[in-house]
Protein chains: 2
Amino acid sequence: MADEHRNESGDDSGDKSAGAPDPEATLPELDDRQLRVLRQIGRAWGKVCDRPGRWRAALPVDPAPDGGVFLAELTPNRFGRVVRLNGRPPPLRVTGAGEAAPSWWGRAGQQVRRVLIGPPLAASGLAVERMRKLIALPVLSADALSSVAYGPEAMLTVLVAAGAAGLGYAPWISAVIAFLMLAVAVSYRQTMRAYPHGGGSYIVASDNLGPTAGLLAAAGLATDYVLTVAVSVSSGVAAMTSAVPRLAGDSVLIGVAVIVVLLAGNLRGVRQAGAVFAIPTYAFLVAMAVLIGVGLTQDSGHGFHAQAPPPGAPVAGVSVLLILRAFSSGATAMTGIEATSNAIPSFRPVEWRNARTTLTWMAALLIVMFVGTIVLVHVDGVVPRPNETVLSQLARTHLGSGWPYIGVQAATTAVLLLAANTAYNDFPRLLYLLAKDSYAPRPFLRIGDRLSFSNGIVALSVLAGAIFVGFGGRTEALIPLYAVGVFLAFTMSQAGMVVHWWRHRDQHWRKSLVFNAVGGALSAIVFVTAGITKFLEGAWLAIVVVTVLIAGAVAVHRHYLHAERALALHPDSVELPHHAFTPAPAAGSPDREHRAQPGEPDREREETPVEIRHLTIVPLSGLDLAGLRALAYAASLRQPVLALHISPTEHEAERFRCYWRTWGDHLPLQVIVSQHRAITGPIVHYIQLLQRQRSDLTVTVIVPELVATRWWQHFLHNRTATHLRRLLRPIPRTVVTSVPFHLPRR
Amino acid sequence: MADEHRNESGDDSGDKSAGAPDPEATLPELDDRQLRVLRQIGRAWGKVCDRPGRWRAALPVDPAPDGGVFLAELTPNRFGRVVRLNGRPPPLRVTGAGEAAPSWWGRAGQQVRRVLIGPPLAASGLAVERMRKLIALPVLSADALSSVAYGPEAMLTVLVAAGAAGLGYAPWISAVIAFLMLAVAVSYRQTMRAYPHGGGSYIVASDNLGPTAGLLAAAGLATDYVLTVAVSVSSGVAAMTSAVPRLAGDSVLIGVAVIVVLLAGNLRGVRQAGAVFAIPTYAFLVAMAVLIGVGLTQDSGHGFHAQAPPPGAPVAGVSVLLILRAFSSGATAMTGIEATSNAIPSFRPVEWRNARTTLTWMAALLIVMFVGTIVLVHVDGVVPRPNETVLSQLARTHLGSGWPYIGVQAATTAVLLLAANTAYNDFPRLLYLLAKDSYAPRPFLRIGDRLSFSNGIVALSVLAGAIFVGFGGRTEALIPLYAVGVFLAFTMSQAGMVVHWWRHRDQHWRKSLVFNAVGGALSAIVFVTAGITKFLEGAWLAIVVVTVLIAGAVAVHRHYLHAERALALHPDSVELPHHAFTPAPAAGSPDREHRAQPGEPDREREETPVEIRHLTIVPLSGLDLAGLRALAYAASLRQPVLALHISPTEHEAERFRCYWRTWGDHLPLQVIVSQHRAITGPIVHYIQLLQRQRSDLTVTVIVPELVATRWWQHFLHNRTATHLRRLLRPIPRTVVTSVPFHLPRR
């Protein structure tokens, strides 16, 4: 499956291809209207902030100290380097040490991570080398070509249920599939012409059919990628255990280990390093050529007399349903065929022409290998067996059990693992594109310091691992889920192309439209066939997952739009203040008359500093140094302060007041008697009670918090600050601050 | 096991017995020295806080509004009631509504909880009724008497390995155990005289032998309580499945269900409701009386001719080791014998005399039942079988399979579950006592609103459930772990008593000392025997657990002492300020000359408000409403403010500065270019950089935080505030504040 969106690595071509990841554009763009509002807000601040220069003068430190070597000083290491730039105000440039985690544990973790995953990379490393066709072919087609390892077998597994009669249909079904491959390949050739900078299914579908079609394509692709990993790994492991049957008992374990290696390798940022990645594919091509060549030669020796398959009682008759199911299983042999169309920018110029040539080669190779395999299967009378793959049986029949056989199996395993690896490039990019359009959670936008989309890579590993383990690592159980997603994406992409040609009508548009329409119609037929005939066997799960993904994407999108609208600078957010903002606190004369009107909504408006009326509340459990520090911090902010103590009984309350008087009663104190020993609940309600008196009150709760030196000591103290933060979060105009008291190390 | 520390419920007797829980004393006591320091600190504040009355005048709201009905107004329900008291300043008294959780989910959870666990109770409900001896006997002795259900069987299970020869030793070993019971009972009679208000093993051992011995006893008791639950439940389930063999397959499930019911019931606060709890014990006594009576009568009919046990190949010879192992297994029949000595305050006066009488009865009944069972077993030639308990076999032999048999099994099950329930009273109290002495985490001090120690109850359920499931619910697998803890606690308690008598030398002290010495020595022998002979079978685990518990308790204790010393008001914490504290901010003239001396330690001293030099840092990811609100909040505190933006490239940095200028550049801004896209790391290091310029700087980081309306939306936004809080926690003089921006509901 498919290097959907591989094009994104091609930014250095100078073309901005659609959906290219730009890890640098983290700052949301402000449009003209927002800039106007920003200016308005600024003017409102300007009216109330008299003498703005005073703020800079008031800074107790130099924000950009001279020399610029401070960060490196903190934890000196060879990465430590701070570069100062000219211009006012100078930005600090931080590399290495400034990014080091501040705690010992954090740093140790970073060291381990650095060994496993490698040191951080600068964003400029995102560029990708241009590939010659001879390199591009193997790199991009591993996924498609490796499908030969499981596609024919999947078809035969269905047919064998009807015995010899069923297997007799194999050549005819294969012919249809071969035609389908041709049609889809021709169809994608059209896409390349229209999207010379790369056209993934998601982009083509959303561009031409709108966001819903795009989401359908994306959901199809997402399930496709997850299954590509699961199916490729399971069939790679099957190729391995066919050669070494001793390992068969541990196949799930081996598969999980492979997924873990893929995870680690991709977190480290395995680039498609041309030559190295070409080896497995070429090895596989050679192996298949030898196998098919030797096989046909040997079979021609006894005149291509088809051997009867070994006797096995048919458990079902031949029916249209059976044939259709075999067809949709066999069609998984063409998964990954769309890869080149997404990866156009990785080719040397003229990119799209080279890509098109490569696609043609690939399709030809795929068809030859697929047909060759089916012919051998038919002639040799091979049927799927639980412990040995069809390919392994063919190889054993024609090449014996020596090194040539081992070579075929090793090449098959290698190309399948490479195919799994391509999904690791594509799935995170798809999530990136979705997140960029606000259809997936924004954390998927984050590019790790190894320039890999770590969150997407982890998500893919978890999902593929779960599917793989859940289905016991059996390829035949996974196949029914597979076809649905792939052909959904194919259909959407080709349908999008039809609309594209209809709209653009450039040279040859009629021919292209027809090709795409045929490809799309065929894909749609496979999609519907797969969905219906394999519904009970697993397709239902794929359909459910696609539906859930789309619903999730829509919900995420709605939320982001909502948040964006709520956060955007809009004219309502400006309110002219009534009086000038003086740096001195107008602490006196509380305006007790300003009570909340009943039913007045709890509006939170953007405020200029002068509009904020503070009340600082300090909950105290006792008068110890931590409590006094919190009080001092609160008082030093020079806003009204109210200390709060919660007591279980009047007696205890009186004792606290006694201590308070001993201290000198410097600040107002309120004691609350909480009969049932609840602490946080009464505090929250008390704050709400006060806010009902004045709806414009911003309440800052300053909680003393003991900070222990070891992690387990954390559990030995109450966590009032954490609880209060959680409880107060939903309440407007409340801010929780914890003032730490650090226990000294012993 | 045993109502260790049941005495704590007897506070209403007017006597303060050692270790009585006082849920009201939550406020740490300040000693004279601390009060003196507090006064000093207060004077220091007084010098800098000119016009302290102004703080009260500045309050924008009335902290204790008239009428006192506000809390009830918030969420009116029948619990809502706020009582105002006289005196200045008036404490608010909060009941019901004021404790309600402020969120919808929280309230729904509280409702569910109220249905399952019941409404909150006031602390005055802690008193416990006084029990007549006829009620006290069954209530307190369920644990001890029920041990007859598994003790003899455990002994036989060991002996049967040596075949008939081994079983022949059963009567002799039983005689020794019966003597041991007598000795321990007599020994505890002495303890009662010395601790007329209740003497649990932990208290007796720490009083007389010091804290280490106390911890040994406590650790022994803790494992004992956990195993009491596991063993009683497993044996209760075995009694049930013996009668209804169909259930045997689900015994683990049934056991877990029983533990869950015990958990819920105890969280609800099941009190020892005299009469009801007496029924199972009396039923068991009657059942055993009938069984032994009928059995002996029938056996006497054929002249007590011991039947040969059914043929079974001996797998081991009779050896000293085997005999000792059988002895230490059989000794589990006396677990729970110490219960009455802790529960003295629950008796009617004269408490200790009544308790002593009860103990005597209980020991007599225990010995009679134990010996009777062994005689029947011996005469009937019964041997342990995997699917039926020995008691069930005896009952079937003598009473048939009808209602009498069912009655015996039902009574056995009931008394065993009651025994498990007693551990639910004792384990949390033991943890409470340990926590009060700072040997266990303070959360175990917390009395839930149902007056139960919920944390201890949950801990016991989790531990007992884990042990029960881990050992597959098989009683015989749990027994080897059991004896170690019980007899460790017995030994420590009796040894403590020996020291007690030696020190006090009151009337009869010699006799008591001898009795306790004999009891202690015997217990020690059993402890050592059990530890050695069963080491490989499970005793090692008990020993490891005891060791870990003690190490943990010591570590917890050291931490609390350390924290207490660090938090206590000490003379060093007072520092006279240099200049008067004026409510107006002395924002100007930053003292840039005051740089940190290299190597100067990061001391955090108690500060009066004037000593705190603020710098407020506002990290901004963009200029949206949330960011502007955070800026407004920061500026309104009228302390020096520095806005901070982290950019991946110079280009983006320039774009942000452009927006900033559009806004009006009202506040100082620093942009940091972070090449590797790290956000929080650079912020933390930048703050440390600034703090190196001025060591007395208190940095408040004010982070805009988006608050979503649904839980899943939480994952859609970055969590900078949370990350910063975690990273900045260990750094002195940094405070993190998040200013919430609430997304409106759609």
# chains A, B, ... in the order shown; residues from 1 in each chain; ligands from 1
$ residues_around --residues "Leu216 (chain B)" --least-positions-apart "4" --cutoff "7 Å" --atoms "only C-alpha atoms" --output "list of chain:residue names"
B:Thr212, B:Gly220, B:Ile550
$ write_last_selection --atoms "N, CA, C and O atoms" --output "tab-separated table (two decimals), in the first residue's frame"
chain	number	residue	atom	x	y	z
B	212	THR	N	10.86	-0.13	66.55
B	212	THR	CA	11.19	-1.21	65.61
B	212	THR	C	10.35	-2.44	65.87
B	212	THR	O	9.78	-3.04	64.94
B	220	GLY	N	3.65	-7.73	60.71
B	220	GLY	CA	3.07	-9.06	60.86
B	220	GLY	C	1.55	-9.00	60.81
B	220	GLY	O	0.90	-9.77	60.10
B	550	ILE	N	8.26	-3.04	56.43
B	550	ILE	CA	9.03	-2.33	57.45
B	550	ILE	C	9.94	-1.29	56.80
B	550	ILE	O	9.99	-0.13	57.24
$ residues_around --residues "region 710-717 of chain B" --least-positions-apart "3" --cutoff "8 Å" --atoms "only C-alpha atoms" --output "PyMOL selection string"
(chain A and resi 441-443+556+559) or (chain B and resi 706-707)
$ atom_distance --atom1 "CA of Ala175 (chain A)" --atom2 "CA of Ala364 (chain A)"
13.9 Å
$ residues_around --residues "region 280-291 of chain A" --least-positions-apart "3" --cutoff "8 Å" --atoms "only C-alpha atoms" --output "number ranges by chain"
A: 138-139, 141-142, 277, 294-295, 369, 394-395, 398-399, 407-408, 411-412, 414-415, 418
$ write_last_selection --atoms "N, CA, C and O atoms" --output "mmCIF file, in the first residue's frame"
data_model
loop_
_atom_site.group_PDB
_atom_site.id
_atom_site.type_symbol
_atom_site.label_atom_id
_atom_site.label_comp_id
_atom_site.auth_asym_id
_atom_site.auth_seq_id
_atom_site.Cartn_x
_atom_site.Cartn_y
_atom_site.Cartn_z
ATOM 1 N N PRO A 138 12.027 0.034 -7.492
ATOM 2 C CA PRO A 138 11.952 -0.902 -6.358
ATOM 3 C C PRO A 138 11.447 -0.248 -5.082
ATOM 4 O O PRO A 138 10.681 -0.859 -4.322
ATOM 5 N N VAL A 139 11.894 0.995 -4.836
ATOM 6 C CA VAL A 139 11.524 1.637 -3.575
ATOM 7 C C VAL A 139 10.012 1.847 -3.496
ATOM 8 O O VAL A 139 9.380 1.597 -2.476
ATOM 9 N N SER A 141 7.651 0.381 -5.350
ATOM 10 C CA SER A 141 6.729 -0.687 -5.707
ATOM 11 C C SER A 141 6.801 -1.897 -4.781
ATOM 12 O O SER A 141 6.153 -2.904 -5.043
ATOM 13 N N ALA A 142 7.577 -1.783 -3.703
ATOM 14 C CA ALA A 142 7.667 -2.912 -2.774
ATOM 15 C C ALA A 142 6.278 -3.336 -2.329
ATOM 16 O O ALA A 142 5.944 -4.530 -2.301
ATOM 17 N N PHE A 277 17.154 0.271 0.132
ATOM 18 C CA PHE A 277 15.767 -0.173 0.069
ATOM 19 C C PHE A 277 15.443 -0.851 -1.252
ATOM 20 O O PHE A 277 14.421 -1.499 -1.378
ATOM 21 N N VAL A 294 11.905 -21.282 -13.985
ATOM 22 C CA VAL A 294 12.187 -22.708 -13.752
ATOM 23 C C VAL A 294 10.894 -23.503 -13.763
ATOM 24 O O VAL A 294 10.786 -24.564 -14.378
ATOM 25 N N GLY A 295 9.888 -22.944 -13.116
ATOM 26 C CA GLY A 295 8.607 -23.646 -13.002
ATOM 27 C C GLY A 295 7.994 -23.909 -14.362
ATOM 28 O O GLY A 295 7.625 -25.048 -14.684
ATOM 29 N N MET A 369 3.982 -11.243 -12.781
ATOM 30 C CA MET A 369 4.209 -12.095 -11.614
ATOM 31 C C MET A 369 2.910 -12.733 -11.136
ATOM 32 O O MET A 369 2.867 -13.912 -10.773
ATOM 33 N N LEU A 394 5.271 -23.690 -4.128
ATOM 34 C CA LEU A 394 5.749 -23.630 -5.513
ATOM 35 C C LEU A 394 7.273 -23.713 -5.546
ATOM 36 O O LEU A 394 7.862 -24.448 -6.340
ATOM 37 N N ALA A 395 7.901 -22.915 -4.653
ATOM 38 C CA ALA A 395 9.360 -22.880 -4.650
ATOM 39 C C ALA A 395 9.922 -24.251 -4.304
ATOM 40 O O ALA A 395 10.886 -24.733 -4.907
ATOM 41 N N HIS A 398 9.636 -26.669 -7.302
ATOM 42 C CA HIS A 398 10.506 -26.469 -8.455
ATOM 43 C C HIS A 398 11.971 -26.296 -8.105
ATOM 44 O O HIS A 398 12.831 -26.519 -8.950
ATOM 45 N N LEU A 399 12.254 -25.823 -6.860
ATOM 46 C CA LEU A 399 13.650 -25.519 -6.544
ATOM 47 C C LEU A 399 14.208 -26.433 -5.463
ATOM 48 O O LEU A 399 15.345 -26.263 -5.023
ATOM 49 N N GLY A 407 16.493 -18.767 -0.615
ATOM 50 C CA GLY A 407 16.607 -17.435 -1.208
ATOM 51 C C GLY A 407 15.252 -16.840 -1.543
ATOM 52 O O GLY A 407 14.976 -15.676 -1.227
ATOM 53 N N VAL A 408 14.382 -17.652 -2.144
ATOM 54 C CA VAL A 408 13.037 -17.149 -2.483
ATOM 55 C C VAL A 408 12.314 -16.708 -1.217
ATOM 56 O O VAL A 408 11.721 -15.624 -1.153
ATOM 57 N N ALA A 411 13.805 -13.493 0.255
ATOM 58 C CA ALA A 411 13.454 -12.315 -0.531
ATOM 59 C C ALA A 411 11.998 -11.933 -0.304
ATOM 60 O O ALA A 411 11.659 -10.749 -0.191
ATOM 61 N N THR A 412 11.128 -12.941 -0.218
ATOM 62 C CA THR A 412 9.711 -12.660 0.019
ATOM 63 C C THR A 412 9.527 -11.971 1.372
ATOM 64 O O THR A 412 8.827 -10.952 1.492
ATOM 65 N N ALA A 414 11.703 -10.279 3.053
ATOM 66 C CA ALA A 414 12.290 -8.937 3.049
ATOM 67 C C ALA A 414 11.387 -7.938 2.340
ATOM 68 O O ALA A 414 11.155 -6.825 2.827
ATOM 69 N N VAL A 415 10.837 -8.319 1.197
ATOM 70 C CA VAL A 415 10.031 -7.354 0.450
ATOM 71 C C VAL A 415 8.736 -7.057 1.205
ATOM 72 O O VAL A 415 8.219 -5.934 1.169
ATOM 73 N N LEU A 418 9.559 -4.594 3.906
ATOM 74 C CA LEU A 418 9.746 -3.281 3.280
ATOM 75 C C LEU A 418 8.388 -2.652 2.957
ATOM 76 O O LEU A 418 8.185 -1.445 3.150
#
$ atom_distance --atom1 "CA of Val276 (chain B)" --atom2 "CA of Ala136 (chain B)"
11.7 Å
$ residues_around --residues "Ala230 (chain A)" --least-positions-apart "3" --cutoff "10 Å" --atoms "only C-alpha atoms" --output "compact mmCIF listing (two decimals) with C-alpha atoms, in the first residue's frame"
# COMPACT_ATOMS: atom_id res chain seq x y z
CA ASP A 224 -5.60 0.39 4.38
CA TYR A 225 -2.30 1.48 5.91
CA VAL A 226 -2.99 -0.21 9.21
CA LEU A 227 -3.87 -3.42 7.39
CA VAL A 233 3.97 -8.61 8.61
CA SER A 234 1.74 -11.67 8.96
CA SER A 235 2.58 -12.82 5.46
CA GLY A 236 6.25 -12.05 5.93
CA GLY A 255 5.26 -10.44 14.22
CA VAL A 256 5.00 -8.21 17.29
CA ILE A 259 6.33 -4.23 14.48
CA ALA A 420 5.08 -2.71 5.85
CA SER A 461 2.18 0.64 15.51
CA LEU A 463 -3.31 -0.10 15.81
CA ALA A 464 -1.49 -2.53 13.52
CA GLY A 465 -0.14 -4.45 16.50
CA ALA A 466 -3.61 -4.72 18.03
CA ILE A 467 -5.15 -5.92 14.75
CA PHE A 468 -2.29 -8.33 14.18
CA VAL A 469 -2.53 -9.87 17.64
CA PHE A 471 -6.51 -11.82 14.50
CA GLY A 473 -1.41 -13.09 12.99
CA ARG A 474 -3.32 -15.12 10.35
CA THR A 475 -3.19 -13.52 6.92
CA LEU A 478 -7.07 -10.21 7.82
CA ILE A 479 -7.70 -10.27 4.06
CA TYR A 482 -8.28 -5.33 3.63
$ closest_atom_pairs --of "region 296-378 of chain A" --to "region 518-529 of chain A" --cutoff "9 Å" --atoms "only C-alpha atoms" --output "CSV"
residue,atom,partner,partner_atom,distance
A:Leu324,CA,A:Thr529,CA,6.8
A:Arg325,CA,A:Thr529,CA,7.5
A:Phe327,CA,A:Val526,CA,8.2
A:Ser328,CA,A:Val526,CA,6.2
A:Ala331,CA,A:Val526,CA,7.8
$ write_last_selection --atoms "N, CA and C atoms" --output "compact mmCIF listing (two decimals), in the first residue's frame"
# COMPACT_ATOMS: atom_id res chain seq x y z
N LEU A 324 -17.38 -14.40 -6.40
CA LEU A 324 -17.19 -12.98 -6.09
C LEU A 324 -16.27 -12.81 -4.89
N ARG A 325 -16.43 -13.69 -3.91
CA ARG A 325 -15.57 -13.59 -2.73
C ARG A 325 -14.12 -13.88 -3.11
N PHE A 327 -12.83 -13.38 -5.96
CA PHE A 327 -12.38 -12.23 -6.73
C PHE A 327 -11.94 -11.09 -5.82
N SER A 328 -12.76 -10.79 -4.82
CA SER A 328 -12.39 -9.64 -3.98
C SER A 328 -11.19 -9.98 -3.10
N ALA A 331 -8.16 -9.61 -5.38
CA ALA A 331 -7.91 -8.21 -5.74
C ALA A 331 -6.94 -7.54 -4.78
$ residues_around --residues "Tyr633 (chain A)" --least-positions-apart "3" --cutoff "9 Å" --atoms "only C-alpha atoms" --output "list in words"
Leu628, Arg629, Ala630, Ser636, Leu637, Ile702 and Val739 of chain A; Glu607, Thr608, Pro609 and Ile612 of chain B
$ write_last_selection --atoms "all heavy atoms" --output "compact mmCIF listing (two decimals), in the first residue's frame"
# COMPACT_ATOMS: atom_id res chain seq x y z
N LEU A 628 2.93 30.24 55.06
CA LEU A 628 3.35 31.64 55.16
C LEU A 628 3.95 32.13 53.85
O LEU A 628 3.78 33.28 53.47
CB LEU A 628 4.35 31.80 56.30
CG LEU A 628 3.70 31.78 57.68
CD1 LEU A 628 4.75 31.74 58.78
CD2 LEU A 628 2.80 33.00 57.87
N ARG A 629 4.66 31.21 53.15
CA ARG A 629 5.21 31.63 51.86
C ARG A 629 4.10 31.96 50.88
O ARG A 629 4.18 32.95 50.16
CB ARG A 629 6.11 30.54 51.29
CG ARG A 629 6.49 30.84 49.84
CD ARG A 629 7.57 29.95 49.34
NE ARG A 629 8.74 30.04 50.18
CZ ARG A 629 9.73 29.17 50.18
NH1 ARG A 629 9.67 28.12 49.38
NH2 ARG A 629 10.77 29.32 50.97
N ALA A 630 3.05 31.11 50.87
CA ALA A 630 1.93 31.38 49.97
C ALA A 630 1.28 32.71 50.33
O ALA A 630 0.93 33.50 49.45
CB ALA A 630 0.91 30.24 50.04
N SER A 636 2.29 40.00 48.19
CA SER A 636 3.23 40.76 47.38
C SER A 636 2.62 41.12 46.03
O SER A 636 3.13 42.00 45.34
CB SER A 636 4.52 39.96 47.17
OG SER A 636 4.29 38.91 46.27
N LEU A 637 1.55 40.44 45.62
CA LEU A 637 0.89 40.83 44.37
C LEU A 637 0.05 42.09 44.57
O LEU A 637 -0.45 42.67 43.62
CB LEU A 637 0.01 39.69 43.86
CG LEU A 637 0.76 38.45 43.42
CD1 LEU A 637 -0.20 37.34 43.02
CD2 LEU A 637 1.69 38.76 42.25
N ILE A 702 -4.41 30.78 45.51
CA ILE A 702 -2.97 30.53 45.66
C ILE A 702 -2.79 29.44 46.70
O ILE A 702 -3.06 29.64 47.88
CB ILE A 702 -2.24 31.83 46.04
CG1 ILE A 702 -2.38 32.82 44.87
CG2 ILE A 702 -0.78 31.54 46.36
CD1 ILE A 702 -1.65 34.10 45.07
N VAL A 739 2.06 27.75 44.89
CA VAL A 739 3.36 28.28 45.28
C VAL A 739 4.15 27.14 45.90
O VAL A 739 3.76 26.59 46.92
CB VAL A 739 3.19 29.42 46.30
CG1 VAL A 739 4.53 29.88 46.81
CG2 VAL A 739 2.44 30.56 45.66
N GLU B 607 9.67 34.42 53.38
CA GLU B 607 9.75 35.81 52.97
C GLU B 607 8.54 36.57 53.47
O GLU B 607 7.44 36.05 53.54
CB GLU B 607 9.77 35.92 51.44
CG GLU B 607 11.08 35.47 50.85
CD GLU B 607 10.88 34.62 49.63
OE1 GLU B 607 9.81 33.99 49.53
OE2 GLU B 607 11.78 34.60 48.80
N THR B 608 8.77 37.81 53.79
CA THR B 608 7.65 38.72 53.96
C THR B 608 7.38 39.30 52.58
O THR B 608 8.26 39.29 51.72
CB THR B 608 7.99 39.81 54.98
OG1 THR B 608 9.25 40.35 54.63
CG2 THR B 608 8.06 39.22 56.37
N PRO B 609 6.17 39.81 52.38
CA PRO B 609 5.80 40.19 51.02
C PRO B 609 6.81 41.10 50.35
O PRO B 609 7.08 40.98 49.16
CB PRO B 609 4.47 40.89 51.20
CG PRO B 609 3.93 40.38 52.46
CD PRO B 609 5.07 39.99 53.32
N ILE B 612 9.76 39.80 48.11
CA ILE B 612 9.56 39.05 46.87
C ILE B 612 9.71 40.00 45.68
O ILE B 612 9.04 41.01 45.58
CB ILE B 612 8.17 38.39 46.86
CG1 ILE B 612 8.08 37.40 48.01
CG2 ILE B 612 7.93 37.70 45.53
CD1 ILE B 612 6.76 36.73 48.14
$ closest_residue --among "A:Asp31, A:Ser493, A:Tyr195, A:Pro63" --to "chain B" --atoms "only C-alpha atoms"
A:Pro63
$ residues_around --residues "region 537-544 of chain B" --least-positions-apart "6" --cutoff "6 Å" --atoms "only C-alpha atoms" --output "PyMOL selection string"
chain B and resi 480-481+531
$ closest_residue --among "A:Val318, A:Ala326, A:Val261, A:Leu690" --to "Pro171 (chain A)" --atoms "only C-alpha atoms"
A:Ala326
$ select_by_dssp --residues "region 148-265 of chain B" --states "alpha helix (DSSP H)" --output "VMD selection string"
chain B and resid 151 to 159 163 to 167 170 to 194 201 to 209 211 to 243 251 to 265
$ residues_around --residues "Met192 (chain A)" --least-positions-apart "3" --cutoff "10 Å" --atoms "only C-alpha atoms" --output "tab-separated table (two decimals) with N, CA, C and O atoms, in the first residue's frame"
chain	number	residue	atom	x	y	z
A	187	SER	N	-5.57	4.28	-15.29
A	187	SER	CA	-6.30	5.33	-14.60
A	187	SER	C	-5.34	6.25	-13.83
A	187	SER	O	-5.44	7.47	-13.88
A	188	TYR	N	-4.40	5.62	-13.10
A	188	TYR	CA	-3.47	6.43	-12.32
A	188	TYR	C	-2.52	7.20	-13.22
A	188	TYR	O	-2.02	8.27	-12.84
A	189	ARG	N	-2.26	6.70	-14.42
A	189	ARG	CA	-1.44	7.47	-15.36
A	189	ARG	C	-2.11	8.81	-15.65
A	189	ARG	O	-1.45	9.83	-15.83
A	195	TYR	N	-2.04	15.80	-11.68
A	195	TYR	CA	-1.40	16.24	-10.44
A	195	TYR	C	0.10	15.97	-10.54
A	195	TYR	O	0.61	15.07	-9.90
A	196	PRO	N	0.79	16.77	-11.36
A	196	PRO	CA	2.20	16.48	-11.58
A	196	PRO	C	3.05	16.64	-10.33
A	196	PRO	O	4.21	16.23	-10.31
A	197	HIS	N	2.50	17.23	-9.26
A	197	HIS	CA	3.28	17.36	-8.03
A	197	HIS	C	2.83	16.34	-7.00
A	197	HIS	O	3.18	16.43	-5.82
A	198	GLY	N	2.05	15.36	-7.43
A	198	GLY	CA	1.63	14.33	-6.50
A	198	GLY	C	0.16	14.46	-6.16
A	198	GLY	O	-0.29	15.53	-5.75
A	199	GLY	N	-0.57	13.40	-6.35
A	199	GLY	CA	-1.99	13.45	-6.04
A	199	GLY	C	-2.40	12.24	-5.24
A	199	GLY	O	-2.70	11.18	-5.79
A	340	THR	N	3.23	5.23	-6.83
A	340	THR	CA	4.01	6.18	-7.63
A	340	THR	C	3.28	7.50	-7.85
A	340	THR	O	3.92	8.55	-7.94
A	341	SER	N	1.95	7.44	-7.94
A	341	SER	CA	1.24	8.67	-8.24
A	341	SER	C	1.38	9.70	-7.13
A	341	SER	O	1.21	10.89	-7.35
A	342	ASN	N	1.69	9.25	-5.92
A	342	ASN	CA	1.86	10.21	-4.83
A	342	ASN	C	3.28	10.70	-4.72
A	342	ASN	O	3.55	11.73	-4.12
A	343	ALA	N	4.20	9.91	-5.29
A	343	ALA	CA	5.62	10.16	-5.01
A	343	ALA	C	6.29	10.90	-6.15
A	343	ALA	O	7.52	10.91	-6.24
A	344	ILE	N	5.51	11.52	-7.01
A	344	ILE	CA	6.09	12.15	-8.21
A	344	ILE	C	7.26	13.08	-7.88
A	344	ILE	O	8.29	13.03	-8.56
A	351	GLU	N	9.51	15.10	-13.76
A	351	GLU	CA	9.08	14.18	-12.73
A	351	GLU	C	7.93	13.30	-13.16
A	351	GLU	O	7.98	12.08	-13.04
A	352	TRP	N	6.86	13.94	-13.62
A	352	TRP	CA	5.65	13.13	-13.81
A	352	TRP	C	5.82	12.13	-14.94
A	352	TRP	O	5.25	11.05	-14.91
A	353	ARG	N	6.67	12.51	-15.95
A	353	ARG	CA	6.88	11.56	-17.04
A	353	ARG	C	7.65	10.34	-16.53
A	353	ARG	O	7.31	9.20	-16.82
A	355	ALA	N	7.77	9.26	-13.52
A	355	ALA	CA	6.91	8.52	-12.62
A	355	ALA	C	5.96	7.63	-13.42
A	355	ALA	O	5.70	6.48	-13.06
A	356	ARG	N	5.45	8.21	-14.53
A	356	ARG	CA	4.50	7.46	-15.34
A	356	ARG	C	5.17	6.22	-15.94
A	356	ARG	O	4.60	5.13	-15.92
A	359	LEU	N	5.48	3.67	-13.27
A	359	LEU	CA	4.19	3.04	-12.98
A	359	LEU	C	3.90	1.96	-14.01
A	359	LEU	O	3.44	0.85	-13.67
